[in-house]
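Structure file my_file_12.tsv (TSV, C-alpha atoms) follows.
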chain	number	residue	atom	x	y	z
A	1	MET	CA	17.10	-28.35	-9.81
A	2	ASN	CA	17.27	-31.64	-7.95
A	3	PHE	CA	14.61	-33.35	-5.82
A	4	TYR	CA	15.31	-36.48	-3.80
A	5	ILE	CA	12.35	-38.18	-2.13
A	6	LEU	CA	13.09	-40.62	0.69
A	7	THR	CA	10.13	-42.98	0.75
A	8	LEU	CA	8.89	-46.52	1.21
A	9	PHE	CA	6.89	-46.24	-2.02
A	10	PRO	CA	9.17	-44.97	-4.81
A	11	GLU	CA	6.90	-46.24	-7.59
A	12	MET	CA	4.00	-44.18	-6.28
A	13	VAL	CA	6.10	-41.02	-6.32
A	14	MET	CA	7.76	-41.49	-9.70
A	15	ASN	CA	4.57	-42.64	-11.45
A	16	GLY	CA	2.94	-39.39	-10.44
A	17	LEU	CA	5.82	-37.01	-11.13
A	18	SER	CA	6.90	-38.56	-14.43
A	19	THR	CA	3.82	-37.21	-16.20
A	20	SER	CA	2.64	-33.82	-17.49
A	21	ILE	CA	4.83	-30.74	-16.89
A	22	THR	CA	7.21	-32.33	-14.38
A	23	GLY	CA	7.65	-35.34	-16.65
A	24	ARG	CA	8.60	-33.14	-19.59
A	25	ALA	CA	10.97	-31.14	-17.38
A	26	ILE	CA	12.69	-34.36	-16.32
A	27	GLU	CA	13.10	-35.44	-19.93
A	28	SER	CA	14.51	-32.05	-20.94
A	29	GLY	CA	16.97	-31.98	-18.04
A	30	LYS	CA	15.38	-28.96	-16.32
A	31	LEU	CA	14.61	-31.13	-13.30
A	32	HIS	CA	16.15	-34.17	-11.67
A	33	ILE	CA	13.69	-36.12	-9.53
A	34	GLU	CA	14.79	-39.29	-7.79
A	35	ALA	CA	12.86	-41.51	-5.38
A	36	ILE	CA	15.08	-43.33	-2.90
A	37	ASN	CA	13.67	-46.45	-1.28
A	38	ILE	CA	14.36	-46.32	2.45
A	39	ARG	CA	13.75	-50.05	2.68
A	40	ASP	CA	16.91	-50.66	0.62
A	41	TYR	CA	18.95	-49.46	3.59
A	42	THR	CA	17.48	-51.61	6.35
A	43	GLN	CA	19.81	-53.95	8.21
A	44	ASP	CA	16.93	-56.20	9.24
A	45	LYS	CA	17.01	-59.63	7.58
A	46	HIS	CA	13.24	-59.45	7.01
A	47	ASN	CA	13.50	-55.98	5.43
A	48	HIS	CA	11.55	-54.38	8.27
A	49	VAL	CA	11.92	-50.62	8.63
A	50	ASP	CA	9.56	-50.13	11.57
A	51	ASP	CA	9.09	-51.31	15.16
A	52	TYR	CA	6.79	-50.87	18.14
A	53	PRO	CA	6.99	-47.47	19.89
A	54	TYR	CA	8.71	-47.22	23.25
A	55	GLY	CA	6.16	-46.39	25.92
A	56	GLY	CA	3.41	-48.27	24.12
A	57	GLY	CA	0.65	-46.97	21.92
A	58	ALA	CA	-1.04	-47.84	18.67
A	59	GLY	CA	0.79	-48.35	15.41
A	60	MET	CA	4.42	-48.68	14.42
A	61	VAL	CA	7.27	-46.19	14.14
A	62	MET	CA	9.83	-46.02	11.33
A	63	GLN	CA	13.31	-46.77	12.65
A	64	ALA	CA	16.12	-44.25	12.63
A	65	GLN	CA	18.83	-46.42	11.05
A	66	PRO	CA	17.36	-47.01	7.55
A	67	VAL	CA	16.40	-43.34	7.22
A	68	TYR	CA	19.81	-42.14	8.38
A	69	ASP	CA	21.70	-44.53	6.11
A	70	ALA	CA	19.58	-43.59	3.09
A	71	TYR	CA	20.29	-39.93	3.78
A	72	THR	CA	24.04	-40.31	4.35
A	73	ALA	CA	24.39	-42.39	1.18
A	74	LEU	CA	22.79	-39.54	-0.75
A	75	VAL	CA	25.07	-36.95	0.86
A	76	GLU	CA	28.11	-39.02	-0.07
A	77	LYS	CA	26.89	-39.27	-3.66
A	78	LEU	CA	26.20	-35.54	-3.94
A	79	GLY	CA	29.31	-34.41	-2.12
A	80	ARG	CA	27.30	-31.69	-0.37
A	81	LYS	CA	24.47	-31.32	2.13
A	82	PRO	CA	20.98	-30.95	0.61
A	83	TRP	CA	18.07	-29.11	2.22
A	84	VAL	CA	15.93	-31.70	4.03
A	85	ILE	CA	12.19	-31.29	4.57
A	86	TYR	CA	10.16	-33.73	6.64
A	87	MET	CA	6.53	-34.03	5.55
A	88	THR	CA	4.38	-33.93	8.68
A	89	PRO	CA	1.06	-32.40	9.86
A	90	GLN	CA	3.14	-30.82	12.64
A	91	GLY	CA	5.09	-28.68	10.16
A	92	ARG	CA	4.43	-25.14	9.00
A	93	THR	CA	1.81	-24.90	6.28
A	94	PHE	CA	3.24	-24.83	2.76
A	95	ASN	CA	2.31	-21.83	0.62
A	96	GLN	CA	3.36	-20.02	-2.54
A	97	GLY	CA	5.92	-17.89	-0.71
A	98	ILE	CA	7.65	-21.01	0.58
A	99	ALA	CA	7.53	-22.52	-2.90
A	100	GLN	CA	9.29	-19.44	-4.27
A	101	ALA	CA	12.02	-19.65	-1.63
A	102	LEU	CA	12.55	-23.37	-2.22
A	103	SER	CA	12.82	-22.84	-5.98
A	104	GLU	CA	16.12	-21.05	-5.37
A	105	LYS	CA	17.74	-24.10	-3.73
A	106	GLU	CA	19.84	-26.60	-5.69
A	107	ASP	CA	19.10	-29.85	-3.85
A	108	ILE	CA	15.94	-30.62	-1.86
A	109	VAL	CA	15.26	-33.84	0.02
A	110	LEU	CA	11.66	-34.64	0.94
A	111	LEU	CA	11.43	-37.21	3.72
A	112	CYS	CA	8.16	-39.16	3.74
A	113	GLY	CA	7.05	-40.77	6.96
A	114	HIS	CA	4.56	-43.60	7.36
A	115	TYR	CA	2.79	-45.49	10.12
A	116	GLU	CA	2.97	-43.34	13.28
A	117	GLY	CA	5.94	-41.34	12.06
A	118	ILE	CA	9.73	-41.56	12.26
A	119	ASP	CA	12.04	-41.99	15.25
A	120	GLU	CA	12.62	-38.48	16.59
A	121	ARG	CA	16.38	-38.94	16.88
A	122	VAL	CA	17.03	-39.13	13.16
A	123	LEU	CA	14.75	-36.16	12.54
A	124	GLU	CA	16.84	-34.11	14.92
A	125	MET	CA	19.99	-35.19	13.08
A	126	ILE	CA	19.10	-34.56	9.44
A	127	VAL	CA	15.95	-32.42	9.03
A	128	ASP	CA	16.15	-28.69	8.23
A	129	ASP	CA	12.43	-27.91	7.96
A	130	TYR	CA	9.08	-29.46	8.81
A	131	MET	CA	6.30	-28.99	6.26
A	132	SER	CA	2.55	-29.65	6.06
A	133	ILE	CA	0.07	-29.10	3.23
A	134	GLY	CA	-2.88	-28.62	5.57
A	135	ASP	CA	-4.55	-29.51	8.83
A	136	PHE	CA	-5.44	-33.09	8.01
A	137	VAL	CA	-3.76	-36.48	8.27
A	138	LEU	CA	-2.77	-38.74	5.36
A	139	THR	CA	-1.41	-42.28	5.40
A	140	GLY	CA	2.04	-41.09	4.41
A	141	GLY	CA	4.13	-38.17	3.22
A	142	GLU	CA	4.24	-39.15	-0.44
A	143	LEU	CA	1.26	-37.13	-1.68
A	144	PRO	CA	2.34	-33.95	0.15
A	145	ALA	CA	5.88	-34.41	-1.17
A	146	MET	CA	4.57	-34.70	-4.72
A	147	ALA	CA	2.48	-31.57	-4.26
A	148	ILE	CA	5.51	-29.61	-3.10
A	149	VAL	CA	7.66	-30.87	-5.96
A	150	ASP	CA	4.96	-29.84	-8.43
A	151	ALA	CA	4.50	-26.37	-6.91
A	152	VAL	CA	8.23	-25.64	-6.69
A	153	SER	CA	9.07	-27.10	-10.09
A	154	ARG	CA	6.82	-24.72	-12.01
A	155	LEU	CA	8.84	-21.80	-10.60
A	156	VAL	CA	12.12	-23.18	-11.97
A	157	PRO	CA	13.12	-21.28	-15.15
A	158	GLY	CA	12.34	-23.24	-18.29
A	159	VAL	CA	9.92	-25.71	-16.72
A	160	LEU	CA	6.79	-23.91	-17.92
A	161	ASN	CA	6.42	-23.24	-21.63
A	162	ASN	CA	5.20	-19.70	-20.95
A	163	GLU	CA	7.76	-17.98	-18.71
A	164	ASP	CA	5.13	-15.49	-17.53
A	165	SER	CA	2.68	-18.15	-16.36
A	166	ALA	CA	4.09	-18.56	-12.85
A	167	GLU	CA	4.06	-14.81	-12.33
A	168	ILE	CA	0.39	-14.19	-13.04
A	169	GLU	CA	-1.30	-17.24	-11.56
A	170	THR	CA	-3.30	-17.69	-8.39
A	171	PHE	CA	-1.62	-16.31	-5.24
A	172	TYR	CA	0.60	-13.93	-7.20
A	173	ASN	CA	0.61	-10.58	-5.38
A	174	ASN	CA	-1.87	-12.01	-2.82
A	175	LEU	CA	-4.62	-12.30	-5.43
A	176	LEU	CA	-6.55	-15.24	-6.82
A	177	GLU	CA	-6.40	-15.72	-10.57
A	178	TYR	CA	-8.98	-14.02	-12.77
A	179	PRO	CA	-11.59	-16.09	-14.74
A	180	GLN	CA	-10.33	-17.81	-17.88
A	181	TYR	CA	-12.19	-18.45	-21.14
A	182	THR	CA	-11.48	-20.18	-24.45
A	183	ARG	CA	-13.37	-21.00	-27.67
A	184	PRO	CA	-16.21	-21.02	-28.55
A	185	PRO	CA	-17.19	-17.40	-27.79
A	186	GLU	CA	-20.64	-18.60	-26.69
A	187	PHE	CA	-21.50	-21.81	-24.82
A	188	MET	CA	-25.06	-22.75	-23.85
A	189	GLY	CA	-26.09	-19.10	-23.92
A	190	LYS	CA	-23.11	-17.90	-21.88
A	191	LYS	CA	-20.83	-15.47	-23.69
A	192	VAL	CA	-17.19	-14.61	-23.19
A	193	PRO	CA	-16.92	-11.06	-21.74
A	194	ASP	CA	-16.69	-8.54	-24.57
A	195	VAL	CA	-13.52	-6.95	-23.21
A	196	LEU	CA	-11.57	-10.18	-23.81
A	197	LEU	CA	-12.53	-10.07	-27.47
A	198	SER	CA	-11.67	-6.39	-27.89
A	199	GLY	CA	-7.95	-6.79	-28.55
A	200	ASN	CA	-7.32	-3.85	-26.20
A	201	HIS	CA	-4.68	-5.25	-23.88
A	202	LYS	CA	-4.80	-2.28	-21.52
A	203	LEU	CA	-8.53	-2.77	-20.92
A	204	ILE	CA	-8.06	-6.54	-20.69
A	205	ASN	CA	-5.39	-6.18	-17.99
A	206	GLU	CA	-7.56	-3.74	-16.05
A	207	TRP	CA	-10.54	-6.11	-16.26
A	208	ARG	CA	-8.46	-9.06	-15.13
A	209	LEU	CA	-7.12	-7.13	-12.14
A	210	GLU	CA	-10.64	-6.09	-11.15
A	211	GLN	CA	-11.83	-9.68	-11.41
A	212	SER	CA	-8.90	-10.96	-9.35
A	213	ILE	CA	-9.60	-8.42	-6.61
A	214	THR	CA	-13.32	-9.22	-6.57
A	215	ARG	CA	-12.74	-12.98	-6.55
A	216	THR	CA	-10.16	-12.72	-3.77
A	217	LYS	CA	-12.46	-10.55	-1.65
A	218	GLU	CA	-15.28	-13.09	-2.00
A	219	HIS	CA	-13.35	-16.34	-1.59
A	220	ARG	CA	-10.22	-15.44	0.39
A	221	PRO	CA	-10.83	-12.39	2.59
A	222	ASP	CA	-7.58	-13.13	4.43
A	223	MET	CA	-5.59	-12.69	1.21
A	224	TYR	CA	-7.68	-9.67	0.21
A	225	GLU	CA	-6.78	-7.97	3.49
A	226	LYS	CA	-3.08	-8.51	2.81
A	227	TYR	CA	-3.48	-7.20	-0.72
A	228	MET	CA	-5.20	-4.03	0.49
A	229	ILE	CA	-2.48	-3.42	3.08
A	230	GLU	CA	0.20	-3.69	0.42
A	231	ASN	CA	-1.84	-1.82	-2.19
A	232	PRO	CA	-3.81	0.92	-0.42
A	233	PRO	CA	-6.28	2.87	-2.59
A	234	LYS	CA	-4.66	5.94	-4.09
A	235	GLU	CA	-6.23	9.23	-3.06
A	236	LYS	CA	-7.48	11.29	-5.94
A	237	LYS	CA	-5.81	14.64	-6.19
A	238	LYS	CA	-8.17	17.57	-5.79
A	239	ARG	CA	-8.28	19.90	-8.70
A	240	ARG	CA	-7.46	23.51	-8.02
A	241	LYS	CA	-10.22	25.93	-8.86
Would you give me this structure, written as structure tokens?
Amino acid sequence: MNFYILTLFPEMVMNGLSTSITGRAIESGKLHIEAINIRDYTQDKHNHVDDYPYGGGAGMVMQAQPVYDAYTALVEKLGRKPWVIYMTPQGRTFNQGIAQALSEKEDIVLLCGHYEGIDERVLEMIVDDYMSIGDFVLTGGELPAMAIVDAVSRLVPGVLNNEDSAEIETFYNNLLEYPQYTRPPEFMGKKVPDVLLSGNHKLINEWRLEQSITRTKEHRPDMYEKYMIENPPKEKKKRRK
């Protein structure tokens, strides 16, 4: 899978994504992640990529030309059109379902704005989707782009060491993940639940499901409601006398 991040700060992006799981996936060839410096495509002799907004107002706006030229150069190199996402608080909120859908695409471009945003004209020309990671404002789109790359990457086959990991983690089936424990079996008077030491995988799975349901009900009632709609309690059959 290929990620291309259009940004003014390529070092920031690559320094973060070249470590841990994504870093290993890059080295093994499971992922291709490339940061493209928008500033390399400016036609301004002072390397400016922004200007004052028409109509006045605070801040600066990224110009259309450098963004468009960076994008078209990538399209020419690929020989096909990638899926382009603009990182903005105005976009739809990213979630696990979106991550799953994006993991099935071959080429994804993440466009990172800065200052007061990007000239609307180039957004209309190249962007396929607008994405946010929450109702708050950051100084740029780099951190949200990195978060999306990380979330999508772990769903790509071969990226995680344990192929089942992505299927049983938080948000799977509208449930939060169950509590996790490791050695030692007792820490400062707190013991690992006996069922996890039993070796009975059927009981362990039942316990984990119960814990996931309880945790979701307490911390994310919105998700719990969805889970209950999709998994209504089964009515017990009445025994005939």
inquiry  = Please determine, counting all atoms listed in the file, which residue among A:Glu210, A:Asp135, A:Asp69, A:Asp222 has the shortest atom-to-atom distance to A:Pro179.
reply    =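 Going through A:Glu210, A:Asp135, A:Asp69, A:Asp222 one by one, the smallest distance to A:Pro179 is for A:Glu210.
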With 12 Å as the cut-off and all atoms listed in the file counted, what is the closest atom pair between each nearby residue of stretch 30-102 of chain A and stretch 17-20 of chain A? Distances in Å to one decimal, ordered by chain and number, as a Markdown table.
| residue | atom | partner | partner_atom | distance |
| --- | --- | --- | --- | --- |
| A:Leu31 | CA | A:Ser18 | CA | 10.8 |
| A:His32 | CA | A:Ser18 | CA | 10.6 |
| A:Ile33 | CA | A:Leu17 | CA | 8.1 |
| A:Glu34 | CA | A:Leu17 | CA | 9.8 |
| A:Ala35 | CA | A:Leu17 | CA | 10.1 |
ask   = In terms of the shortest atom-to-atom distance over all atoms listed in the file, which of A:Val152, A:Gly140, A:Lys190, A:Ser198 is closest to A:Gly97?
value =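 Answer, going by the shortest atom-to-atom distance: A:Val152.
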Report the centre and edge lengths, in Å to one decimal, of an axis-aligned box enclosing every atom of stretch 58-66 of chain A listed in the file, padded by 5 Å on each side, as lines of an AutoDock Vina configuration file.
center_x = 8.9
center_y = -46.5
center_z = 13.1
size_x = 29.9
size_y = 14.4
size_z = 21.1
query = Between A:Leu175, A:Gly29, A:Thr182, A:Asn161, which has the minimum distance to A:Glu225 (counting all atoms listed in the file)?
reply = A:Leu175
inquiry  = For A:Arg39, find every residue with an atom within 9 Å (counting all atoms listed in the file), except residues of its own chain fewer than 5 positions away, and show them as a PyMOL selection string.
reply    = chain A and resi 7-8+47-49+66-67+70
Nearest to A:Pro10, chosen from A:Val75, A:Ala145, A:Lys202, A:Ile85, with only C-alpha atoms counted in the distances = A:Ala145
query = Which is closer to A:Leu110 than all the others in A:Asp128, A:Tyr224, A:Met1, A:Tyr178, using all atoms listed in the file?
reply = A:Asp128
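Ranking A:Tyr181, A:Ser103, A:Glu218, A:Thr88 by their shortest atom-to-atom distance to A:Glu142, with all atoms listed in the file included, puts A:Thr88 first.
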Å distance separating atom CA of A:Lys105 from atom CA of A:Asn231, one decimal place =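 Atom-to-atom, atom CA of A:Lys105 to atom CA of A:Asn231, that is 29.7 Å.
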ask   = Need the neighbours of (4.3, -42.5, 12.0): which residues are at most 12 Å away, counting all atoms listed in the file, as a ChimeraX atom specification?
value = /A:49-53,57-64,86-90,112-120,137-141
query = How many Å separate atom CA of A:Ile148 from atom CA of A:Asn2?
reply =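 Atom CA of A:Ile148 sits 12.9 Å away from atom CA of A:Asn2.
Atom CA of A:Gln180 sits 9.4 Å away from atom CA of A:Arg208.
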inquiry  = I'd like the contact shell of A:Gly134 - 9 Å cut-off, only C-alpha atoms, skipping same-chain residues fewer than 6 positions apart - returned as a list in words.
reply    =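 So the residues in contact are Pro89, Arg92, Thr93 and Phe94 of chain A.
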task = Might you pull out every residue within 10 Å of A:Met223, with all atoms listed in the file counted and same-chain residues fewer than 4 positions away left off, and present them as number ranges by chain?
result = A: 171, 173-176, 213, 216-217, 219, 227-229
task = Go ahead and find all residues with at least one atom no further than 7 Å from (12.3, -33.5, -1.5) in the file's coordinates, using all atoms listed in the file; report them as a VMD selection string.
result = chain A and resid 3 to 5 84 to 85 108 to 111 145 149
